Structure formats: C-alpha cells, structure tokens
$ cat model_20.txt   # compact mmCIF, C-alpha atoms
# COMPACT_ATOMS: atom_id res chain seq x y z
CA MET H 1 46.33 -11.65 53.77
CA LYS H 2 48.48 -11.61 50.63
CA LYS H 3 46.75 -14.75 49.35
CA LYS H 4 43.37 -13.18 50.05
CA ASN H 5 44.35 -10.06 48.08
CA ASN H 6 45.51 -12.23 45.18
CA ASP H 7 42.22 -14.11 45.22
CA ILE H 8 40.31 -10.82 45.13
CA LYS H 9 42.42 -9.60 42.19
CA GLN H 10 41.86 -12.88 40.35
CA ASN H 11 38.11 -12.64 40.90
CA ILE H 12 38.10 -9.03 39.70
CA ASN H 13 40.11 -9.99 36.62
CA LYS H 14 37.73 -12.87 35.88
CA LEU H 15 34.78 -10.51 36.25
CA LEU H 16 36.43 -7.98 33.94
CA ASP H 17 37.11 -10.71 31.40
CA ARG H 18 33.46 -11.70 31.48
CA VAL H 19 32.35 -8.09 31.12
CA ILE H 20 34.69 -7.63 28.15
CA ILE H 21 33.35 -10.83 26.53
CA VAL H 22 29.75 -9.65 27.05
CA LEU H 23 30.61 -6.24 25.57
CA ILE H 24 32.29 -7.86 22.55
CA VAL H 25 29.25 -10.08 21.99
CA MET H 26 26.94 -7.07 22.27
CA ILE H 27 29.08 -5.11 19.80
CA VAL H 28 29.05 -8.02 17.34
CA ILE H 29 25.27 -8.45 17.69
CA SER H 30 24.75 -4.71 17.25
CA GLY H 31 26.96 -4.76 14.17
CA VAL H 32 25.03 -7.64 12.65
CA PHE H 33 21.74 -5.90 13.50
CA LEU H 34 22.91 -2.67 11.82
CA LEU H 35 24.02 -4.58 8.74
CA LEU H 36 20.64 -6.32 8.56
CA ARG H 37 18.84 -2.99 8.97
CA LYS H 38 21.01 -1.47 6.24
CA GLU H 39 20.24 -4.43 3.96
CA GLU H 40 16.52 -4.13 4.79
CA TYR H 41 16.61 -0.40 4.04
CA THR H 42 18.41 -0.99 0.72
CA ASN H 43 16.02 -3.78 -0.27
CA THR H 44 13.01 -1.65 0.64
CA ILE H 45 14.26 1.30 -1.41
CA ASN H 46 14.82 -1.06 -4.33
CA GLU H 47 11.28 -2.43 -3.92
CA VAL H 48 9.82 1.07 -3.95
CA ASN H 49 11.74 2.08 -7.05
CA ASP H 50 10.92 -1.22 -8.73
CA SER H 51 7.17 -0.80 -8.16
CA LYS H 52 7.09 2.62 -9.83
CA LEU H 53 6.70 1.68 -13.48
CA ASP H 54 7.72 3.77 -16.45
CA ILE H 55 4.83 4.87 -18.63
CA LYS H 56 4.69 2.76 -21.78
CA LYS H 57 5.04 5.16 -24.70
CA GLU H 58 4.97 2.55 -27.45
CA GLU H 59 1.88 0.58 -28.41
CA VAL H 60 1.80 -2.45 -26.10
CA SER H 61 -1.32 -4.43 -25.33
CA VAL H 62 -2.49 -4.51 -21.72
CA LYS H 63 -2.17 -8.29 -21.70
CA ASP H 64 1.44 -8.16 -22.94
CA GLU H 65 2.29 -5.44 -20.42
CA ILE H 66 0.90 -7.47 -17.50
CA ASP H 67 2.43 -10.73 -18.78
CA GLU H 68 5.78 -8.93 -18.83
CA LEU H 69 5.31 -7.99 -15.16
CA LYS H 70 4.35 -11.56 -14.23
CA LYS H 71 7.62 -12.77 -15.74
CA LYS H 72 9.59 -9.94 -14.14
CA TYR H 73 8.37 -10.81 -10.64
CA ASN H 74 7.86 -14.53 -11.33
CA ASN H 75 4.37 -14.06 -9.92
CA ASP H 76 1.13 -14.93 -11.72
CA GLU H 77 -0.83 -12.98 -9.07
CA VAL H 78 0.19 -9.68 -10.67
CA ILE H 79 -3.10 -8.89 -12.40
CA ALA H 80 -3.27 -5.15 -13.10
CA ILE H 81 -1.55 -1.78 -13.41
CA LEU H 82 -2.93 1.25 -11.56
CA ASN H 83 -2.27 4.74 -12.93
CA ILE H 84 -3.30 8.11 -11.49
CA ASP H 85 -2.51 10.95 -13.92
CA ASP H 86 1.00 9.49 -14.23
CA GLU H 87 1.63 10.37 -10.55
CA ILE H 88 1.19 6.70 -9.64
CA ASN H 89 1.92 3.90 -12.08
CA THR H 90 2.29 0.62 -10.22
CA PRO H 91 1.52 -3.10 -10.51
CA VAL H 92 -1.41 -4.56 -8.57
CA ALA H 93 -1.50 -8.10 -7.18
CA GLN H 94 -4.38 -10.22 -5.89
CA THR H 95 -4.44 -13.42 -3.84
CA ASN H 96 -7.02 -15.29 -1.74
CA ASP H 97 -6.90 -13.00 1.32
CA ASN H 98 -6.22 -9.39 2.31
CA GLN H 99 -3.22 -10.17 4.54
CA PHE H 100 -0.56 -11.79 2.35
CA TYR H 101 0.52 -8.74 0.35
CA LEU H 102 0.60 -6.52 3.42
CA LYS H 103 4.03 -8.06 4.12
CA LYS H 104 5.11 -9.51 0.79
CA SER H 105 6.70 -7.83 -2.22
CA LEU H 106 5.54 -8.59 -5.73
CA SER H 107 8.47 -10.99 -6.00
CA LEU H 108 7.01 -12.78 -2.92
CA LYS H 109 9.81 -11.75 -0.56
CA LYS H 110 9.23 -10.50 2.98
CA SER H 111 8.69 -6.75 2.85
CA VAL H 112 7.86 -4.03 5.38
CA LEU H 113 5.98 -2.20 2.62
CA GLY H 114 4.14 -5.12 1.11
CA SER H 115 2.58 -4.49 -2.30
CA VAL H 116 -0.36 -2.67 -3.84
CA PHE H 117 -3.11 -5.29 -4.00
CA MET H 118 -6.75 -5.81 -4.91
CA ASP H 119 -9.32 -7.03 -2.40
CA TYR H 120 -9.70 -10.81 -2.71
CA ARG H 121 -13.50 -10.51 -2.70
CA VAL H 122 -13.71 -8.68 -6.03
CA ASN H 123 -12.76 -9.15 -9.67
CA LYS H 124 -12.39 -6.95 -12.76
CA ASP H 125 -16.14 -7.00 -13.41
CA SER H 126 -17.24 -6.22 -9.87
CA LYS H 127 -19.50 -3.25 -9.24
CA GLN H 128 -16.92 -2.12 -6.67
CA ILE H 129 -13.15 -2.71 -6.82
CA ASN H 130 -11.09 -2.02 -3.68
CA ILE H 131 -7.30 -1.61 -3.92
CA TYR H 132 -4.99 -1.18 -0.92
CA GLY H 133 -1.38 -0.09 -0.40
CA HIS H 134 0.92 0.88 2.45
CA ASN H 135 2.05 4.43 3.14
CA SER H 136 5.35 5.46 4.78
CA THR H 137 7.07 8.69 5.75
CA LYS H 138 10.46 7.03 5.27
CA TYR H 139 10.28 5.02 2.05
CA LYS H 140 7.70 6.82 -0.12
CA PRO H 141 5.88 3.79 -1.62
CA PRO H 142 3.43 4.33 -4.53
CA PHE H 143 0.39 5.04 -2.32
CA ASN H 144 2.31 7.73 -0.41
CA THR H 145 1.29 9.92 -3.35
CA LEU H 146 -2.36 9.70 -2.25
CA GLU H 147 -1.52 12.12 0.59
CA GLY H 148 -1.53 14.81 -2.10
CA TYR H 149 -5.33 14.68 -2.01
CA LEU H 150 -5.24 16.44 1.34
CA LYS H 151 -4.74 19.60 -0.75
CA LYS H 152 -7.63 20.82 -2.88
CA ASP H 153 -5.40 22.07 -5.71
CA TYR H 154 -3.90 18.60 -6.05
CA PHE H 155 -7.35 17.05 -6.05
CA ASN H 156 -8.51 19.40 -8.80
CA GLU H 157 -5.51 18.54 -10.96
CA HIS H 158 -5.47 14.74 -10.40
CA LYS H 159 -8.99 13.37 -10.78
CA ASN H 160 -8.29 10.70 -13.38
CA ILE H 161 -7.48 7.06 -12.63
CA SER H 162 -6.97 4.18 -15.02
CA LEU H 163 -6.80 0.48 -14.26
CA LYS H 164 -5.26 -1.85 -16.83
CA ILE H 165 -6.62 -5.34 -16.25
CA ASP H 166 -7.40 -8.41 -18.39
CA ASN H 167 -6.53 -6.61 -21.62
CA GLU H 168 -8.85 -3.72 -20.74
CA ILE H 169 -8.27 -0.15 -19.62
CA LYS H 170 -10.90 1.04 -17.16
CA LYS H 171 -11.01 4.81 -16.70
CA TYR H 172 -12.39 6.47 -13.59
CA GLU H 173 -13.04 9.98 -12.27
CA ILE H 174 -12.64 10.71 -8.55
CA PHE H 175 -15.76 11.97 -6.80
CA SER H 176 -14.94 11.50 -3.10
CA ILE H 177 -11.97 11.87 -0.77
CA VAL H 178 -12.75 10.51 2.68
CA LEU H 179 -10.68 10.50 5.88
CA ALA H 180 -11.88 7.28 7.48
CA ASP H 181 -11.24 5.48 10.75
CA LYS H 182 -9.14 2.31 10.80
CA LYS H 183 -12.07 -0.05 11.21
CA SER H 184 -13.07 -3.05 9.12
CA THR H 185 -16.65 -1.87 9.58
CA GLU H 186 -15.96 1.44 7.80
CA GLU H 187 -18.40 2.04 4.95
CA HIS H 188 -15.84 1.88 2.18
CA MET H 189 -14.91 -1.69 3.22
CA ASN H 190 -18.43 -2.97 2.47
CA ILE H 191 -18.60 -5.24 -0.56
CA ASN H 192 -21.95 -7.04 -0.39
CA TYR H 193 -25.26 -5.27 -0.91
CA LYS H 194 -28.82 -6.55 -0.93
CA SER H 195 -29.73 -4.44 -3.94
CA ASP H 196 -28.41 -1.85 -6.37
CA SER H 197 -30.41 0.80 -4.52
CA GLU H 198 -28.62 -0.09 -1.29
CA TRP H 199 -25.31 0.17 -3.15
CA LEU H 200 -26.27 3.60 -4.46
CA LYS H 201 -27.23 4.89 -1.00
CA HIS H 202 -23.92 3.58 0.32
CA PHE H 203 -21.80 5.48 -2.21
CA ASN H 204 -23.90 8.61 -2.02
CA ARG H 205 -23.11 8.59 1.70
CA LEU H 206 -19.41 8.31 0.86
CA LYS H 207 -19.81 11.15 -1.61
CA ASN H 208 -21.42 13.29 1.09
CA ARG H 209 -18.56 12.47 3.48
CA SER H 210 -15.99 13.79 1.00
CA ILE H 211 -13.73 16.62 2.16
CA TYR H 212 -14.35 18.18 -1.28
CA LYS H 213 -17.67 18.52 -3.07
CA THR H 214 -18.10 17.36 -6.67
CA ASN H 215 -20.90 17.49 -9.22
CA ILE H 216 -20.53 13.85 -10.26
CA GLU H 217 -23.84 12.01 -10.12
CA LEU H 218 -24.16 8.29 -9.39
CA ASN H 219 -26.83 5.85 -10.48
CA GLU H 220 -27.59 2.21 -9.74
CA ASN H 221 -25.81 0.99 -12.87
CA ASP H 222 -22.48 2.65 -12.05
CA LYS H 223 -19.25 0.96 -11.00
CA VAL H 224 -16.62 2.40 -8.66
CA LEU H 225 -12.99 2.07 -7.65
CA VAL H 226 -11.90 2.52 -4.02
CA LEU H 227 -8.25 3.17 -3.07
CA GLN H 228 -7.06 3.08 0.54
CA THR H 229 -3.87 3.84 2.46
CA CYS H 230 -2.81 5.02 5.94
CA LEU H 231 -2.14 8.63 6.89
CA PHE H 232 0.47 10.13 9.23
CA GLY H 233 1.20 13.51 10.80
CA LYS H 234 -1.86 15.38 12.06
CA ASN H 235 -4.06 12.74 10.41
CA LYS H 236 -2.29 9.80 12.03
CA GLY H 237 -4.70 6.98 12.75
CA LYS H 238 -6.87 7.86 9.75
CA LEU H 239 -7.19 6.26 6.33
CA MET H 240 -7.08 8.11 3.05
CA VAL H 241 -9.92 6.74 0.93
CA VAL H 242 -10.16 7.78 -2.71
CA VAL H 243 -13.42 6.84 -4.48
CA ALA H 244 -13.83 7.11 -8.25
CA LYS H 245 -16.63 6.41 -10.75
CA LEU H 246 -16.06 4.30 -13.86
CA ILE H 247 -16.51 6.55 -16.89
CA GLU H 248 -15.04 4.40 -19.69
CA GLU H 249 -13.99 0.80 -20.32

$ encode --input "model_20.txt" --output "structure tokens"
Amino acid sequence: MKKKNNDIKQNINKLLDRVIIVLIVMIVISGVFLLLRKEEYTNTINEVNDSKLDIKKEEVSVKDEIDELKKKYNNDEVIAILNIDDEINTPVAQTNDNQFYLKKSLSLKKSVLGSVFMDYRVNKDSKQINIYGHNSTKYKPPFNTLEGYLKKDYFNEHKNISLKIDNEIKKYEIFSIVLADKKSTEEHMNINYKSDSEWLKHFNRLKNRSIYKTNIELNENDKVLVLQTCLFGKNKGKLMVVVAKLIEE
C-alpha cells in the first residue's frame, strides 16, 4: 500500500512538473507575443508620423521634392504628394497592382496600415485618377482625416486638393462626397469608358449621390480625382469616397 501511495505521489509530481513546464512555455510565448505587438505598435506609429509630411515653405521643385522622398524611402515607386488644405500632406506610391501597398509601407516593409497609393490602371494624365489609403481608429493614418467630410462644416472649409506629380501641381475642387459599399463594382471604381459622354454620365451620377450638394458643373473635357478609404462607427462597412474636379494644372 505504501509503495502504491508513493507511486501515486510520483505520478502527481510528474504531472505537476509537466503543468509547470507548460505554464512557463505559455508565459514565455505570451511575453514574446506582447513584445512583438509592442514593436508592431511602435513601428506603426512611426510609419504614420513618417507619412505625414511637413509643408515645404521654401521654393523646392516638385521633382526635387519627390526625388527626396524616393531617396528617403529607397523606393522609386513613390510618385506623388497628396495635399488637402494642409490637413493631409502625404506621399503617394504606385505599383503594378492594387494589393501590394495595402500591406506594405513606403519603405517596403510589412505594415498593417500599408501606404497611400494610386490605382495601377491610371497615370498622371488620366481623365480619372483614383488614390486609396487605409483608415484606422487606433493609429490615425493620413486618410483617417477624410472622416471629417462626414460633417458639412468640415466639407465647406476643406474643398481644395492638390496633387504634386511629375514636376506638376494639379489642383482640384471637391464636388462629391459619397458613402459607398465595399464592392469592386461600385461606380467610383470604374476606370474604362466607351466615350466621354459615358464618363460624364458616370460622374454626374456620383455627383447626384453626394451627401452634400454643390454647384460645380462637369463637362466631357474635365478630369477628376477620386480618394477612397474605409469608415468605422455607425458607417462601418462603408467607404468614404471623395471626388474632385481638376481646376488647374
């Protein structure tokens, strides 16, 4: 009986030892995970701050300004700078698809926030330029600022957009704010049109869908800029789409 009791105690001790080892391993793994999350959080905050450019006060050519950013990020795919009434001033990248920069920083590192990027199907001379960027309630990336357009006062005070690209400064005026569904078939994602008249009908529809009404008129010779990001809160599941008309280049 005594031997049996000793065997039971030994088995219990072995079981406890195993439990302790498992707990230690779990604690170590949890610690490593927390450290990685902390590092990810720090890196993401740095990315956000890094992508919010200071406004150049001195006379610097657009080409020199963009070349400086290419060197800074060691990335020749940085092609433009987007500015909205100095509320947003951020680099824009472009590659050969619309997926890469969803999860890559401008310095080409893995990133939960990705980068602000231009649709691969367009160029600086396109009749329609689409630019995308992530939103976040935690990190406040550049396109988080677009949520301000949910308020009419903000819209009235921030209608001007400029795009520095290829040594040019294209200036736009916003004429439509649309809350769109997350579908690739949404109207604002269209790029190809059979004719200029079809293009005009398309953007007049977007104008009519705007949550605010404007007096800006469009014609078949116009060019537009489309910005897109996700929304959260009561508008979760929707996209904020900002559409602006080129007024100067």

$ residues_near_point --input "model_20.txt" --point "(3.5, -7.5, -4.9)" --cutoff "6 Å" --atoms "all atoms listed in the file" --output "list in words"
Ala93, Ser105, Leu106 and Ser115 of chain H

$ atom_distance --input "model_20.txt" --atom1 "CA of Lys223 (chain H)" --atom2 "CA of Tyr172 (chain H)"
9.2 Å

$ closest_atom_pairs --input "model_20.txt" --of "region 71-149 of chain H" --to "region 202-218 of chain H" --cutoff "12 Å" --atoms "only C-alpha atoms" --output "CSV"
residue,atom,partner,partner_atom,distance
H:Lys127,CA,H:Phe203,CA,11.4
H:Gln128,CA,H:Phe203,CA,10.1
H:Tyr149,CA,H:Ile211,CA,9.6

$ atom_distance --input "model_20.txt" --atom1 "CA of Gly133 (chain H)" --atom2 "CA of Ser107 (chain H)"
15.7 Å

$ closest_residue --input "model_20.txt" --among "H:Val224, H:Ile81, H:Phe117, H:Asn130" --to "Leu69 (chain H)" --atoms "all atoms listed in the file"
H:Ile81

$ residues_around --input "model_20.txt" --residues "Cys230 (chain H)" --least-positions-apart "2" --cutoff "7 Å" --atoms "only C-alpha atoms" --output "PyMOL selection string"
chain H and resi 134-135+232+238-240

$ decode --input "model_20.txt" --residues "region 117-129 of chain H" --atoms "all heavy atoms" --output "PDB file, in the first residue's frame"
ATOM      1  N   PHE H 117      -1.762  54.971 -51.989  1.00  0.00           N
ATOM      2  CA  PHE H 117      -1.263  54.584 -53.300  1.00  0.00           C
ATOM      3  C   PHE H 117      -2.262  54.896 -54.413  1.00  0.00           C
ATOM      4  O   PHE H 117      -3.475  54.971 -54.181  1.00  0.00           O
ATOM      5  CB  PHE H 117      -0.891  53.097 -53.335  1.00  0.00           C
ATOM      6  CG  PHE H 117      -2.058  52.153 -53.176  1.00  0.00           C
ATOM      7  CD1 PHE H 117      -2.683  51.605 -54.292  1.00  0.00           C
ATOM      8  CD2 PHE H 117      -2.528  51.809 -51.915  1.00  0.00           C
ATOM      9  CE1 PHE H 117      -3.762  50.734 -54.154  1.00  0.00           C
ATOM     10  CE2 PHE H 117      -3.603  50.939 -51.764  1.00  0.00           C
ATOM     11  CZ  PHE H 117      -4.224  50.398 -52.886  1.00  0.00           C
ATOM     12  N   MET H 118      -1.718  55.050 -55.616  1.00  0.00           N
ATOM     13  CA  MET H 118      -2.521  55.344 -56.794  1.00  0.00           C
ATOM     14  C   MET H 118      -2.889  54.053 -57.523  1.00  0.00           C
ATOM     15  O   MET H 118      -2.082  53.134 -57.588  1.00  0.00           O
ATOM     16  CB  MET H 118      -1.732  56.272 -57.735  1.00  0.00           C
ATOM     17  CG  MET H 118      -2.522  56.774 -58.932  1.00  0.00           C
ATOM     18  SD  MET H 118      -1.514  57.822 -60.042  1.00  0.00           S
ATOM     19  CE  MET H 118      -1.189  59.204 -58.956  1.00  0.00           C
ATOM     20  N   ASP H 119      -4.091  54.006 -58.045  1.00  0.00           N
ATOM     21  CA  ASP H 119      -4.553  52.854 -58.816  1.00  0.00           C
ATOM     22  C   ASP H 119      -3.558  52.557 -59.945  1.00  0.00           C
ATOM     23  O   ASP H 119      -3.119  53.464 -60.659  1.00  0.00           O
ATOM     24  CB  ASP H 119      -5.935  53.159 -59.399  1.00  0.00           C
ATOM     25  CG  ASP H 119      -6.652  51.916 -59.906  1.00  0.00           C
ATOM     26  OD1 ASP H 119      -6.113  51.274 -60.832  1.00  0.00           O
ATOM     27  OD2 ASP H 119      -7.735  51.603 -59.390  1.00  0.00           O
ATOM     28  N   TYR H 120      -3.215  51.278 -60.112  1.00  0.00           N
ATOM     29  CA  TYR H 120      -2.223  50.889 -61.112  1.00  0.00           C
ATOM     30  C   TYR H 120      -2.702  51.117 -62.548  1.00  0.00           C
ATOM     31  O   TYR H 120      -1.898  51.159 -63.492  1.00  0.00           O
ATOM     32  CB  TYR H 120      -1.829  49.415 -60.934  1.00  0.00           C
ATOM     33  CG  TYR H 120      -2.865  48.421 -61.419  1.00  0.00           C
ATOM     34  CD1 TYR H 120      -2.755  47.811 -62.666  1.00  0.00           C
ATOM     35  CD2 TYR H 120      -3.965  48.079 -60.630  1.00  0.00           C
ATOM     36  CE1 TYR H 120      -3.703  46.900 -63.123  1.00  0.00           C
ATOM     37  CE2 TYR H 120      -4.915  47.174 -61.071  1.00  0.00           C
ATOM     38  CZ  TYR H 120      -4.784  46.587 -62.314  1.00  0.00           C
ATOM     39  OH  TYR H 120      -5.726  45.693 -62.760  1.00  0.00           O
ATOM     40  N   ARG H 121      -4.006  51.292 -62.725  1.00  0.00           N
ATOM     41  CA  ARG H 121      -4.576  51.417 -64.067  1.00  0.00           C
ATOM     42  C   ARG H 121      -4.537  52.841 -64.612  1.00  0.00           C
ATOM     43  O   ARG H 121      -4.952  53.079 -65.752  1.00  0.00           O
ATOM     44  CB  ARG H 121      -6.026  50.921 -64.050  1.00  0.00           C
ATOM     45  CG  ARG H 121      -6.184  49.462 -63.650  1.00  0.00           C
ATOM     46  CD  ARG H 121      -7.650  49.106 -63.428  1.00  0.00           C
ATOM     47  NE  ARG H 121      -8.198  49.813 -62.265  1.00  0.00           N
ATOM     48  CZ  ARG H 121      -9.476  49.766 -61.906  1.00  0.00           C
ATOM     49  NH1 ARG H 121     -10.341  49.080 -62.637  1.00  0.00           N
ATOM     50  NH2 ARG H 121      -9.896  50.426 -60.828  1.00  0.00           N
ATOM     51  N   VAL H 122      -4.047  53.789 -63.813  1.00  0.00           N
ATOM     52  CA  VAL H 122      -4.069  55.184 -64.245  1.00  0.00           C
ATOM     53  C   VAL H 122      -2.674  55.790 -64.207  1.00  0.00           C
ATOM     54  O   VAL H 122      -1.746  55.213 -63.641  1.00  0.00           O
ATOM     55  CB  VAL H 122      -5.022  56.028 -63.368  1.00  0.00           C
ATOM     56  CG1 VAL H 122      -6.420  55.415 -63.354  1.00  0.00           C
ATOM     57  CG2 VAL H 122      -4.480  56.148 -61.943  1.00  0.00           C
ATOM     58  N   ASN H 123      -2.535  56.972 -64.803  1.00  0.00           N
ATOM     59  CA  ASN H 123      -1.293  57.732 -64.715  1.00  0.00           C
ATOM     60  C   ASN H 123      -1.624  59.205 -64.523  1.00  0.00           C
ATOM     61  O   ASN H 123      -2.804  59.573 -64.431  1.00  0.00           O
ATOM     62  CB  ASN H 123      -0.425  57.509 -65.965  1.00  0.00           C
ATOM     63  CG  ASN H 123      -1.128  57.931 -67.246  1.00  0.00           C
ATOM     64  OD1 ASN H 123      -1.561  59.075 -67.386  1.00  0.00           O
ATOM     65  ND2 ASN H 123      -1.266  56.997 -68.186  1.00  0.00           N
ATOM     66  N   LYS H 124      -0.613  60.046 -64.483  1.00  0.00           N
ATOM     67  CA  LYS H 124      -0.814  61.467 -64.165  1.00  0.00           C
ATOM     68  C   LYS H 124      -1.709  62.185 -65.180  1.00  0.00           C
ATOM     69  O   LYS H 124      -2.323  63.204 -64.867  1.00  0.00           O
ATOM     70  CB  LYS H 124       0.525  62.177 -64.072  1.00  0.00           C
ATOM     71  CG  LYS H 124       1.221  62.360 -65.407  1.00  0.00           C
ATOM     72  CD  LYS H 124       2.515  63.120 -65.263  1.00  0.00           C
ATOM     73  CE  LYS H 124       3.156  63.377 -66.629  1.00  0.00           C
ATOM     74  NZ  LYS H 124       2.370  64.319 -67.448  1.00  0.00           N
ATOM     75  N   ASP H 125      -1.783  61.657 -66.399  1.00  0.00           N
ATOM     76  CA  ASP H 125      -2.565  62.310 -67.441  1.00  0.00           C
ATOM     77  C   ASP H 125      -3.953  61.699 -67.628  1.00  0.00           C
ATOM     78  O   ASP H 125      -4.696  62.119 -68.517  1.00  0.00           O
ATOM     79  CB  ASP H 125      -1.803  62.247 -68.773  1.00  0.00           C
ATOM     80  CG  ASP H 125      -0.484  63.007 -68.720  1.00  0.00           C
ATOM     81  OD1 ASP H 125      -0.483  64.120 -68.165  1.00  0.00           O
ATOM     82  OD2 ASP H 125       0.525  62.478 -69.204  1.00  0.00           O
ATOM     83  N   SER H 126      -4.277  60.717 -66.816  1.00  0.00           N
ATOM     84  CA  SER H 126      -5.569  60.042 -66.964  1.00  0.00           C
ATOM     85  C   SER H 126      -6.733  60.996 -66.697  1.00  0.00           C
ATOM     86  O   SER H 126      -6.623  61.941 -65.903  1.00  0.00           O
ATOM     87  CB  SER H 126      -5.668  58.847 -66.019  1.00  0.00           C
ATOM     88  OG  SER H 126      -4.734  57.856 -66.365  1.00  0.00           O
ATOM     89  N   LYS H 127      -7.832  60.717 -67.342  1.00  0.00           N
ATOM     90  CA  LYS H 127      -9.050  61.514 -67.141  1.00  0.00           C
ATOM     91  C   LYS H 127      -9.580  61.338 -65.721  1.00  0.00           C
ATOM     92  O   LYS H 127     -10.263  62.202 -65.191  1.00  0.00           O
ATOM     93  CB  LYS H 127     -10.107  61.073 -68.163  1.00  0.00           C
ATOM     94  CG  LYS H 127     -11.237  62.049 -68.385  1.00  0.00           C
ATOM     95  CD  LYS H 127     -12.062  61.609 -69.573  1.00  0.00           C
ATOM     96  CE  LYS H 127     -13.246  62.537 -69.811  1.00  0.00           C
ATOM     97  NZ  LYS H 127     -12.825  63.900 -70.187  1.00  0.00           N
ATOM     98  N   GLN H 128      -9.240  60.210 -65.115  1.00  0.00           N
ATOM     99  CA  GLN H 128      -9.669  59.897 -63.751  1.00  0.00           C
ATOM    100  C   GLN H 128      -8.492  59.283 -63.002  1.00  0.00           C
ATOM    101  O   GLN H 128      -7.888  58.321 -63.461  1.00  0.00           O
ATOM    102  CB  GLN H 128     -10.835  58.908 -63.784  1.00  0.00           C
ATOM    103  CG  GLN H 128     -11.234  58.340 -62.436  1.00  0.00           C
ATOM    104  CD  GLN H 128     -12.328  57.308 -62.573  1.00  0.00           C
ATOM    105  OE1 GLN H 128     -13.003  57.239 -63.607  1.00  0.00           O
ATOM    106  NE2 GLN H 128     -12.510  56.466 -61.571  1.00  0.00           N
ATOM    107  N   ILE H 129      -8.156  59.845 -61.853  1.00  0.00           N
ATOM    108  CA  ILE H 129      -7.086  59.307 -61.002  1.00  0.00           C
ATOM    109  C   ILE H 129      -7.700  58.843 -59.692  1.00  0.00           C
ATOM    110  O   ILE H 129      -8.335  59.632 -58.984  1.00  0.00           O
ATOM    111  CB  ILE H 129      -5.997  60.364 -60.736  1.00  0.00           C
ATOM    112  CG1 ILE H 129      -5.287  60.739 -62.039  1.00  0.00           C
ATOM    113  CG2 ILE H 129      -4.983  59.842 -59.717  1.00  0.00           C
ATOM    114  CD1 ILE H 129      -4.265  61.857 -61.884  1.00  0.00           C
TER     115      ILE H 129
END
